[in-house]
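Peer 1: So here's my_file.csv (CSV, C-alpha atoms and all ligand atoms).
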chain,number,residue,atom,x,y,z
S,28,MET,CA,-15.5,24.6,20.4
S,29,ARG,CA,-15.7,22.2,23.3
S,30,HIS,CA,-14.0,18.9,23.2
S,31,LEU,CA,-14.1,15.8,25.5
S,32,PHE,CA,-11.3,13.3,25.1
S,33,VAL,CA,-12.1,9.8,26.4
S,34,MET,CA,-8.7,8.3,26.8
S,35,ASP,CA,-6.2,6.3,28.7
S,36,PRO,CA,-4.8,7.8,32.0
S,37,LEU,CA,-2.4,10.7,31.4
S,38,GLU,CA,0.5,8.9,32.9
S,39,ARG,CA,0.3,6.4,30.0
S,40,ILE,CA,0.6,9.1,27.3
S,41,HIS,CA,4.1,9.4,25.8
S,42,VAL,CA,4.2,13.0,24.6
S,43,GLN,CA,7.0,12.2,22.0
S,44,GLY,CA,4.8,9.9,20.0
S,45,ASP,CA,1.1,10.1,21.0
S,46,SER,CA,-1.4,11.4,18.4
S,47,THR,CA,-4.1,12.1,20.9
S,48,TYR,CA,-1.7,14.5,22.7
S,49,VAL,CA,-1.0,16.6,19.6
S,50,VAL,CA,-4.7,16.8,18.7
S,51,MET,CA,-5.5,18.0,22.3
S,52,ARG,CA,-2.6,20.5,22.1
S,53,THR,CA,-3.9,21.8,18.7
S,54,CYS,CA,-7.4,22.3,20.2
S,55,CYS,CA,-5.9,24.2,23.2
S,56,GLU,CA,-3.6,26.3,20.9
S,57,ARG,CA,-6.7,27.3,19.0
S,58,GLY,CA,-8.4,28.5,22.2
S,59,HIS,CA,-10.9,25.6,22.3
S,60,GLU,CA,-12.1,24.2,25.6
S,61,VAL,CA,-10.7,20.7,26.3
S,62,LEU,CA,-11.8,18.2,29.0
S,63,MET,CA,-10.6,14.6,29.5
S,64,CYS,CA,-11.8,11.5,31.2
S,65,GLU,CA,-11.2,7.8,31.1
S,66,PRO,CA,-13.8,5.3,29.9
S,67,ARG,CA,-14.5,4.4,33.6
S,68,HIS,CA,-15.7,8.0,34.2
S,69,LEU,CA,-18.5,7.8,31.7
S,70,PHE,CA,-22.1,7.3,33.0
S,71,ALA,CA,-25.7,7.6,31.8
S,72,ARG,CA,-28.6,9.2,33.6
S,73,GLU,CA,-32.1,9.3,32.2
S,74,GLY,CA,-30.8,8.2,28.8
S,75,ARG,CA,-28.2,10.9,28.6
S,76,ALA,CA,-24.5,10.2,28.5
S,77,GLY,CA,-22.4,12.0,31.1
S,78,ALA,CA,-18.9,11.9,32.5
S,79,MET,CA,-16.8,13.0,35.4
S,80,ALA,CA,-14.3,15.0,33.4
S,81,GLN,CA,-11.3,17.2,34.0
S,82,PRO,CA,-10.8,20.5,32.4
S,83,THR,CA,-7.3,20.2,30.8
S,84,VAL,CA,-4.8,22.5,29.3
S,85,VAL,CA,-2.3,20.8,27.0
S,86,SER,CA,0.9,22.5,25.9
S,87,ALA,CA,4.3,21.8,24.3
S,88,ILE,CA,6.0,22.7,27.5
S,89,PRO,CA,6.4,20.2,30.4
S,90,PRO,CA,4.4,19.1,32.3
S,91,HIS,CA,2.3,19.2,29.1
S,92,PHE,CA,-1.0,18.4,30.8
S,93,GLN,CA,-2.5,20.6,33.4
S,94,THR,CA,-5.8,19.3,34.8
S,95,ASP,CA,-8.4,20.7,37.2
S,96,ALA,CA,-10.6,18.7,39.5
S,97,ALA,CA,-13.2,16.5,37.7
S,98,ILE,CA,-16.7,17.9,37.2
S,99,PRO,CA,-19.9,16.3,36.1
S,100,VAL,CA,-20.6,17.0,32.4
S,101,ASN,CA,-23.3,16.2,29.9
S,102,LEU,CA,-21.7,14.8,26.6
S,103,ALA,CA,-24.5,16.6,24.6
S,104,ASP,CA,-22.9,19.9,25.7
S,105,PHE,CA,-19.7,19.1,23.7
S,106,ASP,CA,-19.1,19.8,20.0
S,107,VAL,CA,-16.8,16.8,19.7
S,108,VAL,CA,-16.3,13.7,21.8
S,109,TRP,CA,-13.1,11.9,20.9
S,110,MET,CA,-13.0,8.2,21.8
S,111,ARG,CA,-9.2,7.6,22.0
S,112,LYS,CA,-8.9,4.7,24.4
S,113,ASP,CA,-6.2,2.3,23.2
S,114,PRO,CA,-6.9,-1.4,22.6
S,115,PRO,CA,-7.6,-4.0,24.0
S,116,PHE,CA,-11.0,-4.0,22.4
S,117,ASP,CA,-12.6,-5.7,25.4
S,118,MET,CA,-16.0,-5.6,27.2
S,119,ASP,CA,-15.0,-2.4,29.0
S,120,TYR,CA,-14.3,-0.8,25.6
S,121,ILE,CA,-17.6,-2.0,24.2
S,122,PHE,CA,-19.4,-0.8,27.3
S,123,ALA,CA,-18.0,2.7,26.7
S,124,THR,CA,-19.4,2.6,23.1
S,125,TYR,CA,-22.9,1.9,24.4
S,126,LEU,CA,-22.7,5.0,26.5
S,127,LEU,CA,-21.4,7.0,23.5
S,128,ASP,CA,-24.4,5.8,21.6
S,129,MET,CA,-26.5,8.0,23.9
S,130,VAL,CA,-24.8,11.1,22.6
S,131,PRO,CA,-27.2,13.1,20.4
S,132,PRO,CA,-26.3,13.7,16.7
S,133,THR,CA,-25.6,17.4,17.4
S,134,THR,CA,-22.3,16.2,18.9
S,135,VAL,CA,-19.7,14.7,16.6
S,136,VAL,CA,-18.2,11.4,18.0
S,137,VAL,CA,-14.8,10.5,16.6
S,138,ASN,CA,-15.2,7.7,15.6
S,139,ASP,CA,-18.9,6.8,15.4
S,140,PRO,CA,-19.5,4.5,18.3
S,141,VAL,CA,-21.8,2.2,16.4
S,142,GLY,CA,-19.0,1.5,13.9
S,143,LEU,CA,-16.5,1.1,16.7
S,144,LYS,CA,-18.7,-1.6,18.2
S,145,VAL,CA,-19.6,-3.4,14.9
S,146,PHE,CA,-16.3,-3.4,13.1
S,147,ASN,CA,-13.3,-5.3,14.4
S,148,GLU,CA,-9.9,-3.9,13.2
S,149,LYS,CA,-8.6,-7.2,11.9
S,150,LEU,CA,-11.8,-8.9,10.9
S,151,TRP,CA,-13.3,-5.9,9.0
S,152,ALA,CA,-10.4,-6.1,6.6
S,153,MET,CA,-11.5,-9.6,5.8
S,154,HIS,CA,-14.7,-8.3,4.2
S,155,PHE,CA,-12.7,-6.7,1.4
S,156,ARG,CA,-11.7,-10.0,-0.1
S,157,GLU,CA,-9.8,-8.7,-3.1
S,158,LEU,CA,-7.7,-6.5,-0.8
S,159,HIS,CA,-7.0,-8.9,2.0
S,160,PRO,CA,-4.5,-11.8,2.0
S,161,PRO,CA,-6.2,-15.2,1.6
S,162,THR,CA,-6.8,-15.8,5.3
S,163,LEU,CA,-8.2,-18.5,7.5
S,164,LEU,CA,-9.9,-17.5,10.8
S,165,SER,CA,-10.5,-20.5,12.9
S,166,ARG,CA,-9.9,-22.1,16.3
S,167,ASP,CA,-9.7,-25.6,14.9
S,168,ALA,CA,-6.2,-27.1,15.2
S,169,LYS,CA,-6.7,-29.5,12.3
S,170,GLN,CA,-8.0,-26.8,9.9
S,171,ILE,CA,-5.2,-24.4,10.9
S,172,ARG,CA,-2.6,-27.0,10.4
S,173,ALA,CA,-4.0,-28.0,7.0
S,174,PHE,CA,-4.0,-24.4,5.9
S,175,VAL,CA,-0.4,-23.9,6.9
S,176,GLU,CA,0.7,-27.1,5.2
S,177,ALA,CA,-1.1,-26.2,1.9
S,178,LEU,CA,0.9,-22.9,1.6
S,179,PRO,CA,3.8,-22.9,-0.8
S,180,GLY,CA,5.9,-20.8,1.6
S,181,LYS,CA,5.9,-19.5,5.1
S,182,ALA,CA,2.8,-18.7,7.2
S,183,VAL,CA,2.0,-16.2,9.8
S,184,LEU,CA,-0.3,-17.0,12.8
S,185,LYS,CA,-1.6,-14.3,15.0
S,186,PRO,CA,-4.3,-13.8,17.7
S,187,TRP,CA,-7.5,-12.4,16.1
S,188,ASP,CA,-7.8,-9.7,18.7
S,189,GLY,CA,-4.1,-8.9,19.3
S,190,ASN,CA,-2.3,-5.6,18.9
S,191,GLY,CA,1.2,-4.2,19.0
S,192,GLY,CA,2.6,-7.4,17.4
S,193,ARG,CA,2.0,-9.5,20.4
S,194,GLY,CA,1.9,-13.3,19.8
S,195,ILE,CA,2.6,-13.0,16.0
S,196,LEU,CA,4.5,-16.0,14.8
S,197,GLN,CA,6.0,-17.3,11.6
S,198,THR,CA,5.8,-21.0,10.8
S,199,GLN,CA,5.6,-23.4,7.9
S,200,LYS,CA,5.0,-26.9,6.8
S,201,GLY,CA,7.4,-29.3,8.6
S,202,ASP,CA,7.8,-27.0,11.6
S,203,VAL,CA,8.1,-29.4,14.6
S,204,ASN,CA,6.7,-26.6,16.7
S,205,LEU,CA,3.5,-26.2,14.6
S,206,ASN,CA,1.2,-28.2,16.8
S,207,SER,CA,2.5,-26.5,19.9
S,208,ILE,CA,2.2,-23.0,18.3
S,209,ILE,CA,-1.4,-23.7,17.4
S,210,GLU,CA,-2.2,-25.0,20.9
S,211,VAL,CA,-0.7,-22.0,22.6
S,212,LEU,CA,-2.3,-19.4,20.2
S,213,THR,CA,-5.7,-20.9,20.3
S,214,LEU,CA,-5.6,-21.6,24.0
S,215,ASP,CA,-6.3,-25.2,23.2
S,216,GLY,CA,-9.1,-24.5,20.8
S,217,LYS,CA,-10.8,-21.8,22.9
S,218,GLN,CA,-9.7,-18.8,20.8
S,219,ALA,CA,-9.6,-18.2,17.1
S,220,VAL,CA,-6.4,-17.3,15.3
S,221,ILE,CA,-5.7,-15.7,12.0
S,222,ALA,CA,-3.6,-17.7,9.6
S,223,GLN,CA,-2.1,-16.0,6.5
S,224,PRO,CA,0.6,-16.5,4.0
S,225,PHE,CA,3.7,-14.7,5.0
S,226,ILE,CA,4.0,-11.6,2.9
S,227,PRO,CA,7.7,-11.2,2.1
S,228,GLU,CA,7.4,-7.5,1.3
S,229,ILE,CA,7.3,-6.9,5.1
S,230,ARG,CA,11.1,-6.5,4.8
S,231,GLN,CA,10.4,-3.1,3.0
S,232,GLY,CA,7.9,-2.3,5.8
S,233,ASP,CA,4.3,-2.2,7.1
S,234,LYS,CA,2.7,0.9,5.6
S,235,ARG,CA,0.4,2.9,7.8
S,236,ILE,CA,-1.9,5.1,5.7
S,237,MET,CA,-4.0,7.7,7.6
S,238,LEU,CA,-7.5,8.4,6.2
S,239,PHE,CA,-9.8,11.3,7.2
S,240,ASP,CA,-13.4,10.8,6.1
S,241,GLY,CA,-12.2,7.9,4.0
S,242,GLU,CA,-9.5,10.0,2.1
S,243,PRO,CA,-5.8,9.3,2.4
S,244,VAL,CA,-4.0,12.2,4.0
S,245,GLY,CA,-0.6,10.8,5.0
S,246,ALA,CA,1.5,7.7,5.3
S,247,LEU,CA,4.5,6.3,6.9
S,248,LEU,CA,6.4,3.0,6.7
S,249,ARG,CA,7.3,1.0,9.7
S,250,VAL,CA,10.4,-1.1,8.9
S,251,PRO,CA,11.0,-4.2,11.1
S,252,ALA,CA,14.3,-4.3,13.1
S,253,GLN,CA,17.0,-6.6,11.7
S,254,ASP,CA,16.3,-9.3,14.2
S,255,ASP,CA,12.5,-9.3,13.9
S,256,PHE,CA,9.8,-9.4,11.2
S,257,ARG,CA,7.2,-7.4,13.1
S,258,GLY,CA,6.6,-3.8,11.9
S,259,ASN,CA,5.3,-2.5,15.2
S,260,MET,CA,7.0,0.6,16.5
S,261,HIS,CA,7.2,-0.5,20.1
S,262,VAL,CA,9.0,-3.8,19.2
S,263,GLY,CA,11.7,-1.8,17.6
S,264,ALA,CA,10.5,-1.1,14.0
S,265,SER,CA,11.9,2.2,12.6
S,266,VAL,CA,9.9,4.7,10.6
S,267,GLN,CA,10.5,6.0,7.1
S,268,ALA,CA,8.9,8.4,4.7
S,269,THR,CA,6.9,6.7,1.9
S,270,GLU,CA,4.5,7.4,-1.0
S,271,LEU,CA,1.2,5.8,-2.0
S,272,THR,CA,1.4,3.3,-4.8
S,273,ALA,CA,-1.4,2.7,-7.3
S,274,ARG,CA,-2.4,-0.3,-5.2
S,275,ASP,CA,-2.5,1.8,-2.0
S,276,LYS,CA,-4.8,4.3,-3.8
S,277,GLU,CA,-7.0,1.5,-5.0
S,278,ILE,CA,-7.3,0.2,-1.4
S,279,CYS,CA,-8.2,3.7,-0.1
S,280,ASP,CA,-10.7,4.2,-2.9
S,281,THR,CA,-12.4,0.9,-2.1
S,282,LEU,CA,-12.5,1.5,1.6
S,283,GLY,CA,-13.4,5.2,1.5
S,284,PRO,CA,-17.2,4.9,1.0
S,285,ALA,CA,-17.5,2.4,3.8
S,286,LEU,CA,-15.5,4.5,6.2
S,287,ARG,CA,-17.6,7.6,5.4
S,288,GLU,CA,-20.9,5.7,5.5
S,289,HIS,CA,-20.1,4.5,9.0
S,290,GLY,CA,-18.7,7.7,10.4
S,291,GLN,CA,-15.2,6.5,10.8
S,292,ILE,CA,-13.6,9.9,10.5
S,293,TRP,CA,-10.1,9.1,11.7
S,294,VAL,CA,-8.7,5.8,10.5
S,295,GLY,CA,-5.3,4.2,10.0
S,296,ILE,CA,-5.0,1.3,7.7
S,297,ASP,CA,-2.0,-1.1,7.5
S,298,VAL,CA,-0.8,-2.3,4.2
S,299,ILE,CA,2.0,-4.9,3.6
S,300,GLY,CA,3.1,-5.3,0.0
S,301,ASP,CA,-0.2,-5.4,-1.9
S,302,TRP,CA,-2.4,-6.4,1.0
S,303,LEU,CA,-4.6,-4.6,3.4
S,304,THR,CA,-4.1,-6.3,6.8
S,305,GLU,CA,-5.8,-4.0,9.3
S,306,ILE,CA,-8.3,-1.2,9.5
S,307,ASN,CA,-7.5,0.6,12.7
S,308,ILE,CA,-10.5,2.6,13.9
S,309,THR,CA,-10.1,2.6,17.7
S,310,SER,CA,-7.1,4.7,18.2
S,311,PRO,CA,-4.9,5.1,15.1
S,312,THR,CA,-1.6,6.8,15.6
S,313,GLY,CA,1.3,8.2,13.6
S,314,PHE,CA,0.8,12.0,13.5
S,315,GLN,CA,4.1,12.8,15.2
S,316,GLU,CA,6.1,10.5,13.0
S,317,ILE,CA,4.4,11.9,9.8
S,318,ARG,CA,5.1,15.4,11.0
S,319,ARG,CA,8.8,14.6,11.6
S,320,LEU,CA,9.1,12.9,8.2
S,321,THR,CA,7.1,15.3,6.0
S,322,GLY,CA,6.5,18.4,8.0
S,323,LYS,CA,2.8,17.9,7.5
S,324,SER,CA,0.5,18.6,10.5
S,325,LEU,CA,-2.3,16.0,10.4
S,326,GLU,CA,-3.5,17.3,13.7
S,327,ASP,CA,-4.3,20.7,12.2
S,328,GLU,CA,-6.0,19.1,9.2
S,329,LEU,CA,-8.0,16.8,11.4
S,330,VAL,CA,-9.2,19.6,13.8
S,331,ASP,CA,-10.2,21.6,10.7
S,332,ARG,CA,-12.2,18.7,9.3
S,333,VAL,CA,-13.9,17.9,12.5
S,334,ALA,CA,-14.8,21.6,12.9
S,335,ARG,CA,-16.5,21.3,9.4
S,336,HIS,CA,-18.4,18.3,10.7
S,337,VAL,CA,-19.5,20.3,13.7
S,338,ALA,CA,-20.7,23.2,11.5
S,339,ARG,CA,-22.7,20.8,9.3
S,340,ARG,CA,-24.4,19.1,12.3
S,341,ARG,CA,-25.4,22.5,13.7
S,342,ASN,CA,-26.8,23.5,10.4
S,343,THR,CA,-28.9,20.4,10.0
S,344,ALA,CA,-30.1,20.5,13.7
S,401,LIG,N1,0.8,-12.0,6.6
S,401,LIG,C1,1.9,-11.4,7.2
S,401,LIG,N2,3.1,-11.5,6.5
S,401,LIG,C2,4.2,-10.9,7.0
S,401,LIG,N3,4.2,-10.3,8.2
S,401,LIG,C3,3.1,-10.1,8.8
S,401,LIG,C4,1.8,-10.7,8.4
S,401,LIG,N4,0.9,-10.4,9.3
S,401,LIG,C5,1.5,-9.7,10.3
S,401,LIG,N5,2.8,-9.5,10.0
S,401,LIG,C6,3.8,-8.8,10.8
S,401,LIG,O1,3.3,-8.6,12.1
S,401,LIG,C7,3.1,-7.2,12.3
S,401,LIG,C8,1.9,-6.9,13.1
S,401,LIG,O2,0.8,-7.5,12.4
S,401,LIG,P1,-0.7,-6.9,12.5
S,401,LIG,O3,-1.6,-7.8,11.8
S,401,LIG,O4,-0.7,-5.5,12.2
S,401,LIG,O5,-1.0,-7.1,14.1
S,401,LIG,P2,-1.0,-6.0,15.3
S,401,LIG,O6,-2.4,-5.6,15.5
S,401,LIG,O7,-0.4,-6.8,16.4
S,401,LIG,O8,-0.1,-4.9,14.9
S,401,LIG,C9,3.2,-6.5,11.0
S,401,LIG,O9,3.7,-5.2,11.0
S,401,LIG,C10,4.1,-7.5,10.2
S,401,LIG,O10,5.4,-7.1,10.5
S,402,MG,MG,-0.7,-3.6,13.2
I'd like the structure from this file rewritten - as structure tokens, please.
Peer 2:
Amino acid sequence: MRHLFVMDPLERIHVQGDSTYVVMRTCCERGHEVLMCEPRHLFAREGRAGAMAQPTVVSAIPPHFQTDAAIPVNLADFDVVWMRKDPPFDMDYIFATYLLDMVPPTTVVVNDPVGLKVFNEKLWAMHFRELHPPTLLSRDAKQIRAFVEALPGKAVLKPWDGNGGRGILQTQKGDVNLNSIIEVLTLDGKQAVIAQPFIPEIRQGDKRIMLFDGEPVGALLRVPAQDDFRGNMHVGASVQATELTARDKEICDTLGPALREHGQIWVGIDVIGDWLTEINITSPTGFQEIRRLTGKSLEDELVDRVARHVARRRNTA
């Protein structure tokens, strides 16, 4: 099989924790051909998506990545194109998805670029009303304030397009900083924020459940550090093994058909207590942590699954 990974520059990849790295390594170990490029190396000519891509060999031994000079490639000549650029989900990201739209159906794109463009990680979760905390999305200071004041307990405010826990704040009725927090987070009314009840179960952790083709395949719990409430690993949360509860399974069963319908093959959802908070489709991670906690190799399982997708596409072509 031939794989193209569209990703961040290699110097930004931390081999101790990166999921893209272990998938690339798995492909190489199986003798597959691997090339990589950044989104800025994509182009289109006469309606066909192309890239200036570097043949790459990925191994467990430093320097981990060995790349050759970039060569022009046609994306249609790959079995799989992996879109693994990390957020921000900005215009550059969306631009890349338009180019990936030009890849013919004989190539599997992980994840389907139409879905990547249409669904936002935080806002898509809001469509599943019975799974998502009762949330306000607004840029109106009065409305946000009223929402916070009507809650019996604490509130969480966060940027609608944030990631990595950046800008996530706790507040409540009577907080003398509330107006100021709203001004700062909405950029004086220019940007929408997400307002939610504070979910106290965050003390036990923010659960990341990995789904392949809409089916849960592994999970881990990110437990906030003592002095923080954010369950993001790079702000100091630690990881723990975990099991799926009946509610987690219900969430997965509800989301599964939508993920499959829209070609979202590799997805990581976030669940706090009983609530789905995010559907991460751009670049979900956690394989290395799950492997350390459970011994399970999701990278192997994913490459197997994607190979089955490739075989099916070839048969129908
Ligand atoms: N409603 C909430 N109640 C309690 N904690 C929350 C809530 N929303 C977010 N958090 C905290 O902030 C962290 C990051 O939130 P999330 O919505 O996943 O944004 P990000 O994309 O920045 O990771 C969570 O792991 C959790 O610790
Ligand atoms: Mg998150």
Peer 1: Would you list the residues that come within 6 Å of ligand LIG 401 (chain S)? Count all atoms listed in the file and give the answer as a PyMOL selection string.
Peer 2: chain S and resi 183+189-193+195+223-226+229+233+256-259+304
Peer 1: Next, the residues of the selection above should be written as a PDB file, keeping the file's coordinate frame with C-alpha atoms.
Peer 2:
ATOM      1  CA  VAL S 183       2.000 -16.200   9.800  1.00  0.00           C
ATOM      2  CA  GLY S 189      -4.100  -8.900  19.300  1.00  0.00           C
ATOM      3  CA  ASN S 190      -2.300  -5.600  18.900  1.00  0.00           C
ATOM      4  CA  GLY S 191       1.200  -4.200  19.000  1.00  0.00           C
ATOM      5  CA  GLY S 192       2.600  -7.400  17.400  1.00  0.00           C
ATOM      6  CA  ARG S 193       2.000  -9.500  20.400  1.00  0.00           C
ATOM      7  CA  ILE S 195       2.600 -13.000  16.000  1.00  0.00           C
ATOM      8  CA  GLN S 223      -2.100 -16.000   6.500  1.00  0.00           C
ATOM      9  CA  PRO S 224       0.600 -16.500   4.000  1.00  0.00           C
ATOM     10  CA  PHE S 225       3.700 -14.700   5.000  1.00  0.00           C
ATOM     11  CA  ILE S 226       4.000 -11.600   2.900  1.00  0.00           C
ATOM     12  CA  ILE S 229       7.300  -6.900   5.100  1.00  0.00           C
ATOM     13  CA  ASP S 233       4.300  -2.200   7.100  1.00  0.00           C
ATOM     14  CA  PHE S 256       9.800  -9.400  11.200  1.00  0.00           C
ATOM     15  CA  ARG S 257       7.200  -7.400  13.100  1.00  0.00           C
ATOM     16  CA  GLY S 258       6.600  -3.800  11.900  1.00  0.00           C
ATOM     17  CA  ASN S 259       5.300  -2.500  15.200  1.00  0.00           C
ATOM     18  CA  THR S 304      -4.100  -6.300   6.800  1.00  0.00           C
TER      19      THR S 304
END
Peer 1: Within 6 Å of range 42-58 of chain S, counting all atoms listed in the file, which residues qualify if same-chain residues fewer than 4 places away don't, as a list in words?
Peer 2: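 Result of the neighbour search: Val85, Ser86, Thr312, Phe314, Gln315 and Glu326 of chain S.
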Peer 1: Env of Val130 in chain S: 7 Å cut, atoms = all atoms listed in the file, seq-sep filter 4 positions within chain, self excluded. Answer as a PDB file with C-alpha atoms, keeping the file's coordinate frame.
Peer 2:
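The resulting file, selection01.pdb, is shown below:
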ATOM      1  CA  ARG S  75     -28.200  10.900  28.600  1.00  0.00           C
ATOM      2  CA  ALA S  76     -24.500  10.200  28.500  1.00  0.00           C
ATOM      3  CA  LEU S 102     -21.700  14.800  26.600  1.00  0.00           C
ATOM      4  CA  ALA S 103     -24.500  16.600  24.600  1.00  0.00           C
ATOM      5  CA  THR S 134     -22.300  16.200  18.900  1.00  0.00           C
TER       6      THR S 134
END
Peer 1: What separation in Å, quoted to one decimal, exists between CA of Ser265 in chain S and CA of Arg249 in chain S?
Peer 2: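 A separation of 5.6 Å between them.
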Peer 1: Mind pulling up the distance from CA of Lys112 in chain S to CA of Phe92 in chain S?
Peer 2: 17.1 Å
Peer 1: Using all atoms listed in the file, can you tell me which of S:Phe239, S:Trp187, S:Phe32, S:Trp293 comes closest to ligand MG 402 (chain S)?
Peer 2: S:Trp187
Peer 1: Restricting the calculation to only C-alpha atoms: of S:Leu271, S:Met63, S:Leu238, S:Leu325, which residue gets closest to Asp301 in chain S?
Peer 2: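 Nearest to Asp301 in chain S: S:Leu271.
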Peer 1: Do you have the CA of His289 in chain S-CA of Val136 in chain S distance handy?
Peer 2: 11.5 Å
Peer 1: For a cutoff of 12 Å around the file-coordinate point (-10.7, -6.9, 1.5), which residues qualify once you count only C-alpha atoms? I'd like the result as a list in words.
Peer 2: Lys149, Leu150, Trp151, Ala152, Met153, His154, Phe155, Arg156, Glu157, Leu158, His159, Pro160, Pro161, Thr162, Glu277, Ile278, Cys279, Asp280, Thr281, Leu282, Ala285, Ile296, Val298, Asp301, Trp302, Leu303, Thr304, Glu305 and Ile306 of chain S
Peer 1: Nearest to Thr124 in chain S among S:Asp139, S:Asp331, S:Asp275, S:Asp188, with distances taken over all atoms listed in the file: which residue is it?
Peer 2: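 Selected residue with least distance to Thr124 in chain S: S:Asp139.
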Peer 1: My list of candidates is S:Gly283, S:Pro82, S:Gly201, S:Pro66. Which is closest to Val244 in chain S when distances are computed with only C-alpha atoms?
Peer 2: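 Nearest to Val244 in chain S: S:Gly283.
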Peer 1: Nearest residue to Asp255 in chain S out of S:Gln197, S:Thr133, S:Thr343, S:Asn147, using all atoms listed in the file?
Peer 2: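 Among the listed residues, the smallest separation from Asp255 in chain S belongs to S:Gln197.
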Peer 1: Pick out the closest residue to ligand MG 402 (chain S) from this set: S:Lys200, S:Lys185, S:His30, S:Arg111. Count all atoms listed in the file.
Peer 2: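 Smallest separation from ligand MG 402 (chain S) among the options: S:Lys185.
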Peer 1: For a cutoff of 9 Å around the file-coordinate point (0.5, -26.7, 9.8), which residues qualify once you count all atoms listed in the file? I'd like the result as a count of residues only.
Peer 2: 19
